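Asks: My structure is in coords.cif, and what it holds is mmCIF, C-alpha atoms:
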```cif
data_data
#
loop_
_atom_site.group_PDB
_atom_site.id
_atom_site.type_symbol
_atom_site.label_atom_id
_atom_site.label_comp_id
_atom_site.auth_asym_id
_atom_site.auth_seq_id
_atom_site.Cartn_x
_atom_site.Cartn_y
_atom_site.Cartn_z
ATOM 1 C CA MET L 112 19.817 -57.303 1.866
ATOM 2 C CA PRO L 113 17.936 -60.398 3.023
ATOM 3 C CA LEU L 114 18.924 -62.337 6.132
ATOM 4 C CA VAL L 115 22.129 -64.285 5.543
ATOM 5 C CA THR L 116 23.523 -67.381 7.231
ATOM 6 C CA SER L 117 26.208 -66.988 9.843
ATOM 7 C CA LYS L 118 28.579 -69.368 8.021
ATOM 8 C CA ALA L 119 30.336 -66.924 5.683
ATOM 9 C CA MET L 120 30.699 -64.218 8.323
ATOM 10 C CA LEU L 121 32.167 -66.588 10.927
ATOM 11 C CA GLU L 122 34.488 -68.262 8.455
ATOM 12 C CA ASP L 123 35.838 -64.838 7.500
ATOM 13 C CA ALA L 124 36.259 -63.982 11.175
ATOM 14 C CA TYR L 125 38.074 -67.288 11.717
ATOM 15 C CA ARG L 126 40.471 -66.662 8.828
ATOM 16 C CA HIS L 127 41.254 -63.080 9.849
ATOM 17 C CA HIS L 128 41.327 -63.571 13.636
ATOM 18 C CA TYR L 129 38.464 -61.385 14.777
ATOM 19 C CA ALA L 130 34.984 -62.154 16.074
ATOM 20 C CA VAL L 131 31.415 -61.421 15.073
ATOM 21 C CA VAL L 132 29.132 -60.544 17.970
ATOM 22 C CA GLY L 133 25.905 -62.438 18.549
ATOM 23 C CA PHE L 134 23.549 -60.151 20.457
ATOM 24 C CA ALA L 135 20.546 -61.441 22.391
ATOM 25 C CA ILE L 136 17.452 -59.735 21.009
ATOM 26 C CA HIS L 137 14.464 -59.440 23.332
ATOM 27 C CA ASN L 138 12.331 -56.782 21.664
ATOM 28 C CA LEU L 139 12.138 -54.300 18.795
ATOM 29 C CA GLU L 140 14.045 -51.595 20.678
ATOM 30 C CA VAL L 141 17.068 -53.830 21.220
ATOM 31 C CA MET L 142 16.957 -55.041 17.623
ATOM 32 C CA LYS L 143 16.954 -51.490 16.284
ATOM 33 C CA ALA L 144 19.778 -50.469 18.611
ATOM 34 C CA VAL L 145 21.963 -53.405 17.562
ATOM 35 C CA THR L 146 21.238 -52.779 13.883
ATOM 36 C CA GLU L 147 22.190 -49.102 14.174
ATOM 37 C CA ALA L 148 25.408 -50.004 15.990
ATOM 38 C CA ALA L 149 26.380 -52.546 13.340
ATOM 39 C CA GLU L 150 25.633 -50.156 10.501
ATOM 40 C CA GLU L 151 27.618 -47.314 12.013
ATOM 41 C CA LEU L 152 30.629 -49.613 12.386
ATOM 42 C CA GLU L 153 30.021 -51.398 9.052
ATOM 43 C CA ALA L 154 30.178 -54.747 10.833
ATOM 44 C CA PRO L 155 28.212 -57.966 10.323
ATOM 45 C CA VAL L 156 26.017 -58.931 13.246
ATOM 46 C CA ILE L 157 23.952 -61.851 14.515
ATOM 47 C CA PHE L 158 20.526 -61.536 16.150
ATOM 48 C CA GLN L 159 20.137 -64.300 18.747
ATOM 49 C CA THR L 160 16.969 -65.590 20.377
ATOM 50 C CA THR L 161 16.503 -68.380 22.874
ATOM 51 C CA PRO L 162 13.387 -70.566 22.915
ATOM 52 C CA ARG L 163 12.144 -68.530 25.875
ATOM 53 C CA THR L 164 12.504 -65.272 23.925
ATOM 54 C CA ILE L 165 10.713 -66.826 20.951
ATOM 55 C CA HIS L 166 7.853 -67.779 23.262
ATOM 56 C CA TYR L 167 7.752 -64.234 24.665
ATOM 57 C CA VAL L 168 7.910 -62.333 21.366
ATOM 58 C CA GLY L 169 6.279 -64.867 19.067
ATOM 59 C CA LEU L 170 8.160 -66.721 16.331
ATOM 60 C CA ASP L 171 6.472 -64.958 13.403
ATOM 61 C CA TYR L 172 6.905 -61.534 15.003
ATOM 62 C CA MET L 173 10.610 -62.149 15.598
ATOM 63 C CA VAL L 174 11.294 -63.374 12.067
ATOM 64 C CA SER L 175 9.297 -60.559 10.500
ATOM 65 C CA MET L 176 11.163 -57.908 12.509
ATOM 66 C CA ALA L 177 14.524 -59.458 11.667
ATOM 67 C CA LYS L 178 13.718 -59.631 7.959
ATOM 68 C CA VAL L 179 12.723 -55.955 7.885
ATOM 69 C CA ALA L 180 15.900 -54.987 9.749
ATOM 70 C CA ALA L 181 18.091 -57.017 7.403
ATOM 71 C CA GLN L 182 16.427 -55.748 4.223
ATOM 72 C CA SER L 183 17.006 -52.130 5.211
ATOM 73 C CA ALA L 184 20.499 -52.622 6.653
ATOM 74 C CA LYS L 185 23.763 -52.074 4.815
ATOM 75 C CA VAL L 186 25.531 -54.879 6.676
ATOM 76 C CA PRO L 187 24.997 -58.661 6.764
ATOM 77 C CA ILE L 188 22.596 -59.850 9.474
ATOM 78 C CA ALA L 189 21.889 -63.442 10.521
ATOM 79 C CA LEU L 190 19.028 -64.687 12.687
ATOM 80 C CA HIS L 191 20.230 -67.353 15.107
ATOM 81 C CA LEU L 192 18.480 -69.769 17.445
ATOM 82 C CA ASP L 193 20.501 -69.781 20.672
ATOM 83 C CA HIS L 194 20.421 -72.816 22.966
ATOM 84 C CA GLY L 195 17.870 -74.684 20.884
ATOM 85 C CA ASP L 196 16.271 -77.240 23.170
ATOM 86 C CA SER L 197 14.865 -79.839 20.767
ATOM 87 C CA VAL L 198 14.664 -81.015 17.172
ATOM 88 C CA GLU L 199 11.097 -79.704 17.113
ATOM 89 C CA THR L 200 12.230 -76.184 18.017
ATOM 90 C CA VAL L 201 14.929 -76.338 15.350
ATOM 91 C CA VAL L 202 12.467 -77.362 12.659
ATOM 92 C CA ARG L 203 10.021 -74.604 13.640
ATOM 93 C CA CYS L 204 12.753 -71.991 13.406
ATOM 94 C CA LEU L 205 14.059 -73.277 10.086
ATOM 95 C CA ARG L 206 10.594 -73.257 8.576
ATOM 96 C CA ALA L 207 9.991 -69.727 9.872
ATOM 97 C CA GLY L 208 13.150 -68.371 8.277
ATOM 98 C CA TYR L 209 16.034 -68.625 10.762
ATOM 99 C CA THR L 210 19.412 -68.617 9.029
ATOM 100 C CA SER L 211 21.614 -69.988 11.828
ATOM 101 C CA LEU L 212 21.017 -72.195 14.832
ATOM 102 C CA MET L 213 22.425 -73.841 17.909
ATOM 103 C CA ILE L 214 21.274 -77.136 19.309
ATOM 104 C CA ASP L 215 22.288 -77.536 22.939
ATOM 105 C CA GLY L 216 22.749 -81.115 24.045
ATOM 106 C CA SER L 217 25.531 -80.297 26.501
ATOM 107 C CA HIS L 218 23.442 -81.599 29.415
ATOM 108 C CA LEU L 219 23.286 -85.044 27.813
ATOM 109 C CA PRO L 220 25.833 -87.873 28.004
ATOM 110 C CA PHE L 221 28.408 -87.613 25.206
ATOM 111 C CA GLN L 222 26.920 -90.252 22.905
ATOM 112 C CA GLU L 223 23.403 -88.806 23.237
ATOM 113 C CA ASN L 224 24.732 -85.307 22.582
ATOM 114 C CA VAL L 225 26.440 -86.571 19.420
ATOM 115 C CA ALA L 226 23.268 -88.293 18.213
ATOM 116 C CA LEU L 227 21.092 -85.218 18.808
ATOM 117 C CA VAL L 228 23.506 -82.806 17.167
ATOM 118 C CA LYS L 229 24.135 -85.093 14.199
ATOM 119 C CA ARG L 230 20.385 -85.299 13.548
ATOM 120 C CA VAL L 231 20.039 -81.513 13.658
ATOM 121 C CA VAL L 232 23.033 -81.073 11.351
ATOM 122 C CA GLU L 233 21.420 -83.373 8.801
ATOM 123 C CA ILE L 234 18.201 -81.351 8.884
ATOM 124 C CA ALA L 235 19.798 -77.908 8.851
ATOM 125 C CA HIS L 236 22.475 -78.601 6.254
ATOM 126 C CA ALA L 237 19.798 -79.907 3.897
ATOM 127 C CA VAL L 238 18.492 -76.318 3.677
ATOM 128 C CA GLY L 239 21.876 -74.597 3.829
ATOM 129 C CA VAL L 240 21.791 -73.487 7.470
ATOM 130 C CA PRO L 241 24.886 -73.860 9.698
ATOM 131 C CA VAL L 242 24.806 -75.441 13.145
ATOM 132 C CA GLU L 243 26.506 -74.572 16.434
ATOM 133 C CA ALA L 244 26.702 -77.024 19.334
ATOM 134 C CA GLU L 245 28.147 -77.046 22.850
ATOM 135 C CA LEU L 246 30.477 -79.563 24.452
ATOM 136 C CA GLY L 247 31.266 -79.352 28.136
ATOM 137 C CA THR L 248 29.089 -77.433 30.569
ATOM 138 C CA ILE L 249 29.247 -73.641 30.747
ATOM 139 C CA GLY L 250 28.469 -72.304 34.190
ATOM 140 C CA GLY L 251 26.220 -69.472 35.314
ATOM 141 C CA ALA L 252 22.542 -68.674 34.957
ATOM 142 C CA GLU L 253 21.015 -69.325 31.553
ATOM 143 C CA GLU L 254 17.356 -68.620 30.861
ATOM 144 C CA VAL L 255 16.353 -72.220 31.427
ATOM 145 C CA GLY L 256 18.321 -72.800 34.626
ATOM 146 C CA SER L 257 21.664 -72.347 36.308
ATOM 147 C CA VAL L 258 24.895 -74.316 36.563
ATOM 148 C CA GLY L 259 27.111 -73.936 39.637
ATOM 149 C CA GLU L 260 30.894 -74.003 39.565
ATOM 150 C CA ALA L 261 30.969 -77.584 40.817
ATOM 151 C CA GLU L 262 28.701 -78.706 37.964
ATOM 152 C CA ALA L 263 30.567 -76.857 35.209
ATOM 153 C CA THR L 264 32.882 -79.091 33.185
ATOM 154 C CA TYR L 265 35.587 -77.859 30.833
ATOM 155 C CA THR L 266 35.765 -79.194 27.298
ATOM 156 C CA ASP L 267 38.348 -81.881 26.624
ATOM 157 C CA PRO L 268 40.282 -81.042 23.403
ATOM 158 C CA ALA L 269 40.495 -84.656 22.227
ATOM 159 C CA LEU L 270 36.789 -85.200 22.847
ATOM 160 C CA ALA L 271 36.046 -81.932 21.036
ATOM 161 C CA GLU L 272 37.885 -83.214 17.975
ATOM 162 C CA GLU L 273 35.840 -86.406 18.007
ATOM 163 C CA PHE L 274 32.611 -84.469 18.586
ATOM 164 C CA VAL L 275 33.179 -82.194 15.601
ATOM 165 C CA ALA L 276 34.205 -85.054 13.323
ATOM 166 C CA ARG L 277 31.187 -87.197 14.216
ATOM 167 C CA THR L 278 28.542 -84.472 14.130
ATOM 168 C CA GLY L 279 29.688 -82.299 11.228
ATOM 169 C CA ILE L 280 28.897 -79.054 13.076
ATOM 170 C CA ASP L 281 30.025 -75.714 11.690
ATOM 171 C CA PHE L 282 30.830 -74.000 15.008
ATOM 172 C CA LEU L 283 31.717 -75.289 18.469
ATOM 173 C CA ALA L 284 30.922 -73.634 21.814
ATOM 174 C CA PRO L 285 33.500 -74.983 24.279
ATOM 175 C CA ALA L 286 33.550 -74.581 28.044
ATOM 176 C CA PHE L 287 36.806 -72.966 29.183
ATOM 177 C CA GLY L 288 35.869 -70.839 32.177
ATOM 178 C CA THR L 289 33.203 -68.419 30.996
ATOM 179 C CA ALA L 290 29.735 -68.291 32.558
ATOM 180 C CA HIS L 291 26.295 -67.056 31.616
ATOM 181 C CA GLY L 292 24.869 -64.062 33.447
ATOM 182 C CA VAL L 293 26.719 -61.783 35.873
ATOM 183 C CA TYR L 294 30.165 -62.835 37.131
ATOM 184 C CA LYS L 295 30.546 -62.896 40.909
ATOM 185 C CA GLY L 296 34.338 -62.689 40.791
ATOM 186 C CA GLU L 297 37.261 -62.514 38.384
ATOM 187 C CA PRO L 298 36.732 -65.255 35.775
ATOM 188 C CA GLN L 299 39.624 -67.641 35.270
ATOM 189 C CA LEU L 300 39.797 -68.541 31.590
ATOM 190 C CA ASP L 301 41.834 -71.529 30.405
ATOM 191 C CA PHE L 302 43.420 -70.056 27.274
ATOM 192 C CA ALA L 303 45.773 -73.007 26.776
ATOM 193 C CA ARG L 304 42.785 -75.342 26.670
ATOM 194 C CA LEU L 305 40.948 -73.017 24.280
ATOM 195 C CA GLN L 306 43.909 -72.845 21.917
ATOM 196 C CA ALA L 307 44.338 -76.632 22.032
ATOM 197 C CA ILE L 308 40.675 -77.078 21.133
ATOM 198 C CA SER L 309 40.973 -74.598 18.273
ATOM 199 C CA ARG L 310 43.980 -76.397 16.812
ATOM 200 C CA ARG L 311 42.302 -79.794 16.974
ATOM 201 C CA VAL L 312 38.869 -78.894 15.600
ATOM 202 C CA ALA L 313 39.884 -76.243 13.016
ATOM 203 C CA ILE L 314 36.440 -74.588 12.925
ATOM 204 C CA PRO L 315 35.190 -71.294 14.391
ATOM 205 C CA LEU L 316 34.680 -71.353 18.156
ATOM 206 C CA VAL L 317 31.896 -69.557 20.019
ATOM 207 C CA MET L 318 32.265 -67.886 23.406
ATOM 208 C CA HIS L 319 29.142 -68.009 25.547
ATOM 209 C CA GLY L 320 29.037 -65.903 28.685
ATOM 210 C CA ALA L 321 31.089 -63.005 27.315
ATOM 211 C CA SER L 322 29.091 -60.347 29.180
ATOM 212 C CA GLY L 323 31.130 -58.936 32.025
ATOM 213 C CA LEU L 324 34.467 -60.368 30.922
ATOM 214 C CA PRO L 325 37.447 -57.993 31.099
ATOM 215 C CA ASP L 326 38.359 -56.686 27.654
ATOM 216 C CA ASP L 327 41.671 -58.530 27.700
ATOM 217 C CA GLY L 328 39.866 -61.813 28.278
ATOM 218 C CA VAL L 329 37.765 -61.257 25.180
ATOM 219 C CA ARG L 330 40.774 -60.227 23.089
ATOM 220 C CA ARG L 331 42.848 -63.230 24.130
ATOM 221 C CA SER L 332 39.927 -65.584 23.498
ATOM 222 C CA VAL L 333 39.587 -64.230 19.973
ATOM 223 C CA GLN L 334 43.326 -64.702 19.434
ATOM 224 C CA CYS L 335 42.886 -68.328 20.532
ATOM 225 C CA GLY L 336 40.231 -69.134 17.933
ATOM 226 C CA VAL L 337 36.951 -67.613 19.108
ATOM 227 C CA SER L 338 35.086 -66.236 16.084
ATOM 228 C CA LYS L 339 31.731 -65.472 17.702
ATOM 229 C CA VAL L 340 31.165 -63.667 20.988
ATOM 230 C CA ASN L 341 27.726 -63.889 22.622
ATOM 231 C CA ILE L 342 26.397 -60.865 24.508
ATOM 232 C CA SER L 343 23.126 -60.723 26.436
ATOM 233 C CA THR L 344 23.450 -59.369 29.976
ATOM 234 C CA GLU L 345 25.517 -56.375 28.838
ATOM 235 C CA LEU L 346 22.561 -55.238 26.754
ATOM 236 C CA LYS L 347 19.912 -55.918 29.387
ATOM 237 C CA LEU L 348 21.655 -53.909 32.091
ATOM 238 C CA PRO L 349 22.115 -50.598 30.222
ATOM 239 C CA PHE L 350 18.599 -50.878 28.782
ATOM 240 C CA ALA L 351 17.064 -51.255 32.238
ATOM 241 C CA GLU L 352 19.301 -48.627 33.835
ATOM 242 C CA ALA L 353 18.617 -45.980 31.184
ATOM 243 C CA LEU L 354 14.888 -46.685 31.234
ATOM 244 C CA ARG L 355 14.781 -46.548 35.025
ATOM 245 C CA ASP L 356 16.732 -43.287 35.165
ATOM 246 C CA TYR L 357 14.504 -41.639 32.583
ATOM 247 C CA LEU L 358 11.263 -42.625 34.278
ATOM 248 C CA LEU L 359 12.532 -41.506 37.683
ATOM 249 C CA ALA L 360 13.506 -38.154 36.200
ATOM 250 C CA HIS L 361 10.212 -37.869 34.284
ATOM 251 C CA PRO L 362 7.611 -39.544 36.530
ATOM 252 C CA ASN L 363 4.674 -38.213 34.504
ATOM 253 C CA GLU L 364 5.977 -39.391 31.137
ATOM 254 C CA ALA L 365 3.725 -42.045 29.602
ATOM 255 C CA ASP L 366 4.791 -42.018 25.953
ATOM 256 C CA PRO L 367 6.988 -45.034 25.049
ATOM 257 C CA ARG L 368 8.157 -43.135 21.977
ATOM 258 C CA ARG L 369 9.998 -40.910 24.414
ATOM 259 C CA TYR L 370 11.143 -43.119 27.280
ATOM 260 C CA PHE L 371 12.403 -45.935 25.064
ATOM 261 C CA LEU L 372 14.739 -43.608 23.171
ATOM 262 C CA THR L 373 17.269 -43.301 25.989
ATOM 263 C CA ALA L 374 17.201 -47.050 26.592
ATOM 264 C CA ARG L 375 17.738 -47.751 22.909
ATOM 265 C CA GLU L 376 20.663 -45.330 22.761
ATOM 266 C CA ALA L 377 22.268 -46.977 25.809
ATOM 267 C CA VAL L 378 22.015 -50.391 24.160
ATOM 268 C CA LYS L 379 23.402 -49.011 20.916
ATOM 269 C CA GLN L 380 26.492 -47.627 22.631
ATOM 270 C CA ALA L 381 27.032 -50.878 24.541
ATOM 271 C CA ALA L 382 26.719 -52.858 21.302
ATOM 272 C CA LYS L 383 29.230 -50.615 19.545
ATOM 273 C CA ARG L 384 31.776 -51.141 22.308
ATOM 274 C CA LYS L 385 31.438 -54.913 22.029
ATOM 275 C CA ILE L 386 31.704 -54.922 18.241
ATOM 276 C CA LEU L 387 34.860 -52.794 18.359
ATOM 277 C CA LEU L 388 36.352 -55.045 21.038
ATOM 278 C CA ALA L 389 35.627 -58.208 19.047
ATOM 279 C CA GLN L 390 37.315 -56.728 15.973
ATOM 280 C CA GLN L 391 40.480 -55.489 17.694
ATOM 281 C CA SER L 392 42.522 -58.585 16.856
ATOM 282 C CA LYS L 393 41.578 -58.543 13.170
ATOM 283 C CA GLY L 394 44.482 -59.720 11.069
ATOM 284 C CA GLU L 395 46.698 -60.645 14.011
ATOM 285 C CA ALA L 396 48.298 -64.075 14.447
ATOM 286 C CA ASN L 397 46.423 -66.702 16.445
ATOM 287 C CA ASP L 398 48.628 -66.537 19.552
ATOM 288 C CA SER L 399 47.455 -66.879 23.149
ATOM 289 C CA SER L 400 50.734 -65.657 24.594
ATOM 290 C CA THR L 401 50.103 -61.985 23.729
#
```
Could you take the file, read its structure, and then write that structure out as structure tokens?

Replies:
Amino acid sequence: MPLVTSKAMLEDAYRHHYAVVGFAIHNLEVMKAVTEAAEELEAPVIFQTTPRTIHYVGLDYMVSMAKVAAQSAKVPIALHLDHGDSVETVVRCLRAGYTSLMIDGSHLPFQENVALVKRVVEIAHAVGVPVEAELGTIGGAEEVGSVGEAEATYTDPALAEEFVARTGIDFLAPAFGTAHGVYKGEPQLDFARLQAISRRVAIPLVMHGASGLPDDGVRRSVQCGVSKVNISTELKLPFAEALRDYLLAHPNEADPRRYFLTAREAVKQAAKRKILLAQQSKGEANDSST
């Protein structure tokens, strides 16, 4: 099937209390691994690319690969711009064929964030593409910089309600204790805040910084309204580890058709674990106390 938007898949996840996983895609090997994992589990999946990844791979290459993967797959696949950094980037991705996008104005003052997101929503909705935006500041190391604990700010539920109403976004990425990159200690997630946000905005929520979270943290977040779970680091690490181990064991191997196979399989297994975890709460009540 062709690439689909993320709207129908996330709305279904929201209604039935499970989550779709958005996987960061950095090359063809990772894309194929994620596609195979999704097909084997008969689960919808979202390919995610940041502006930095688009610059590395090339916009046309990325869209072409995603279209081929989607057309041959038996499950719905969306192509999502993650942490879009400008209206210009959004327009480029829409014109190229992206079917989902995020505009990240979380670093801006509230009113400027609203204005930026509202503009992007107007553009994207005109061509039937849903929009995700972030309110609050999620900590950790993203590709464009890092945010320390002191700089991270949790999302205010009342402000989230106003933000969603004024911008018309389809999905909200709140800050409630997760962080991008590798966690240095046990993350402390504010589930009460997350549930309050979910009740006030009544749209699917997105969890950034899910890599490295304990399984129970992911499950409880889904029960509190998270309908999309973003995974990046937990694909990078097994890919690099498997590739490193293979090359150390086979120092004379020079054929990428051989040494990439173990890395791809490692990513596939990691992706399957995350998809199964995100679907564990399917059909359960939205209750943070469990």

Asks: Apply the PyMOL selection byres ((chain L and resi 375) around 8) to the structure shown and report the selected residues as number ranges by chain.

Replies: L: 140-141, 143-144, 350, 371-374, 376-379

Asks: Please expand the PyMOL selection byres ((chain L and resi 281) around 9) into the concrete residues it hits in this file, giving the result as JSON, numbers by chain.

Replies: {"L": [118, 232, 241, 242, 243, 244, 275, 279, 280, 282, 283, 314, 315]}

Asks: Skipping near chain neighbours, those fewer than 2 positions away, what residues fall within 7 Å of Thr289 in chain L using all atoms listed in the file, listed as an mmCIF file with C-alpha atoms, in the frame of the given file?

Replies:
```cif
data_model
loop_
_atom_site.group_PDB
_atom_site.id
_atom_site.type_symbol
_atom_site.label_atom_id
_atom_site.label_comp_id
_atom_site.auth_asym_id
_atom_site.auth_seq_id
_atom_site.Cartn_x
_atom_site.Cartn_y
_atom_site.Cartn_z
ATOM 1 C CA ILE L 249 29.247 -73.641 30.747
ATOM 2 C CA GLY L 250 28.469 -72.304 34.190
ATOM 3 C CA ALA L 286 33.550 -74.581 28.044
ATOM 4 C CA PHE L 287 36.806 -72.966 29.183
ATOM 5 C CA PRO L 298 36.732 -65.255 35.775
ATOM 6 C CA LEU L 300 39.797 -68.541 31.590
ATOM 7 C CA HIS L 319 29.142 -68.009 25.547
ATOM 8 C CA GLY L 320 29.037 -65.903 28.685
ATOM 9 C CA ALA L 321 31.089 -63.005 27.315
#
```

Asks: Please write as a list in words the full residue list that the PyMOL selection byres ((chain L and resi 112) around 8) yields on this file.

Replies: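 This file, filtered by the PyMOL selection byres ((chain L and resi 112) around 8), leaves Pro113, Leu114, Ala181, Gln182, Ser183, Ala184, Lys185, Val186 and Pro187 of chain L.
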
Asks: Take CA of Leu121 in chain L and CA of Thr266 in chain L and report the distance between them in Å, one decimal.

Replies: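 So the answer is 21.0 Å.
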
Asks: Could you give me, as a list in words, the residues within 10 Å of Ala189 in chain L, counting all atoms listed in the file and dropping anything in the same chain fewer than 4 positions from it?

Replies: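 After dropping sequence-adjacent residues, the list is Pro113, Leu114, Val115, Thr116, Ser117, Lys118, Met120, Gly133, Pro155, Val156, Ile157, Phe158, Gln159, Ala177, Lys178, Ala181, Tyr209, Thr210, Ser211 and Leu212 of chain L.
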
Asks: Work out how far CA of Arg369 in chain L is from CA of Glu151 in chain L, in Å to one decimal.

Replies: 22.5 Å

Asks: To one decimal place, how far is CA of Asp301 in chain L from CA of Asp123 in chain L in Å?

Replies: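 Those two atoms sit 24.6 Å apart.
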
Asks: Which of these, L:Leu358, L:Leu205, L:Leu270, L:Leu388, has the shortest distance to Ala237 in chain L once you count all atoms listed in the file?

Replies: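 Looking at the shortest contact to Ala237 in chain L, the residue is L:Leu205.
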
Asks: With all atoms listed in the file counted, which protein, DNA or RNA residues have an atom no more than 6 Å from (36.3, -68.0, 14.4) in the file frame? Please answer as a VMD selection string.

Replies: chain L and resid 121 124 to 125 315 to 316 336 to 338

Asks: From the options L:Ile308, L:Leu190, L:Val317, L:Met176, which residue's atoms come nearest to Glu122 in chain L, counting all atoms listed in the file?

Replies: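 Ranking L:Ile308, L:Leu190, L:Val317, L:Met176 by distance to Glu122 in chain L, first place goes to L:Val317.
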
Asks: Contacts of Arg277 in chain L at 12 Å or less, counting all atoms listed in the file, minus same-chain residues fewer than 3 places along, as a list in words?

Replies: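 Listing them by chain and then by number gives Phe221, Gln222, Asn224, Val225, Ala226, Leu227, Val228, Lys229, Arg230, Val232, Glu233, Leu270, Ala271, Glu272, Glu273, Phe274, Ile280, Asp281 and Val312 of chain L.
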
Asks: Using all atoms listed in the file, find all polymer residues with an atom at most 10 Å away from the point (19.7, -61.0, 24.6); report them as a list in words.

Replies: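 Residues lying no farther than 10 Å from the given point: Gly133, Phe134, Ala135, Ile136, His137, Asn138, Val141, Met142, Phe158, Gln159, Thr160, Thr161, Thr164, Asp193, Asn341, Ile342, Ser343, Thr344, Glu345, Leu346 and Lys347 of chain L.
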
Asks: Please determine, counting only C-alpha atoms, which residue among L:Asp326, L:Glu245, L:Glu352, L:Asp171 has the shortest atom-to-atom distance to Gly195 in chain L.

Replies: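 For Gly195 in chain L, the nearest of the given residues is L:Glu245.
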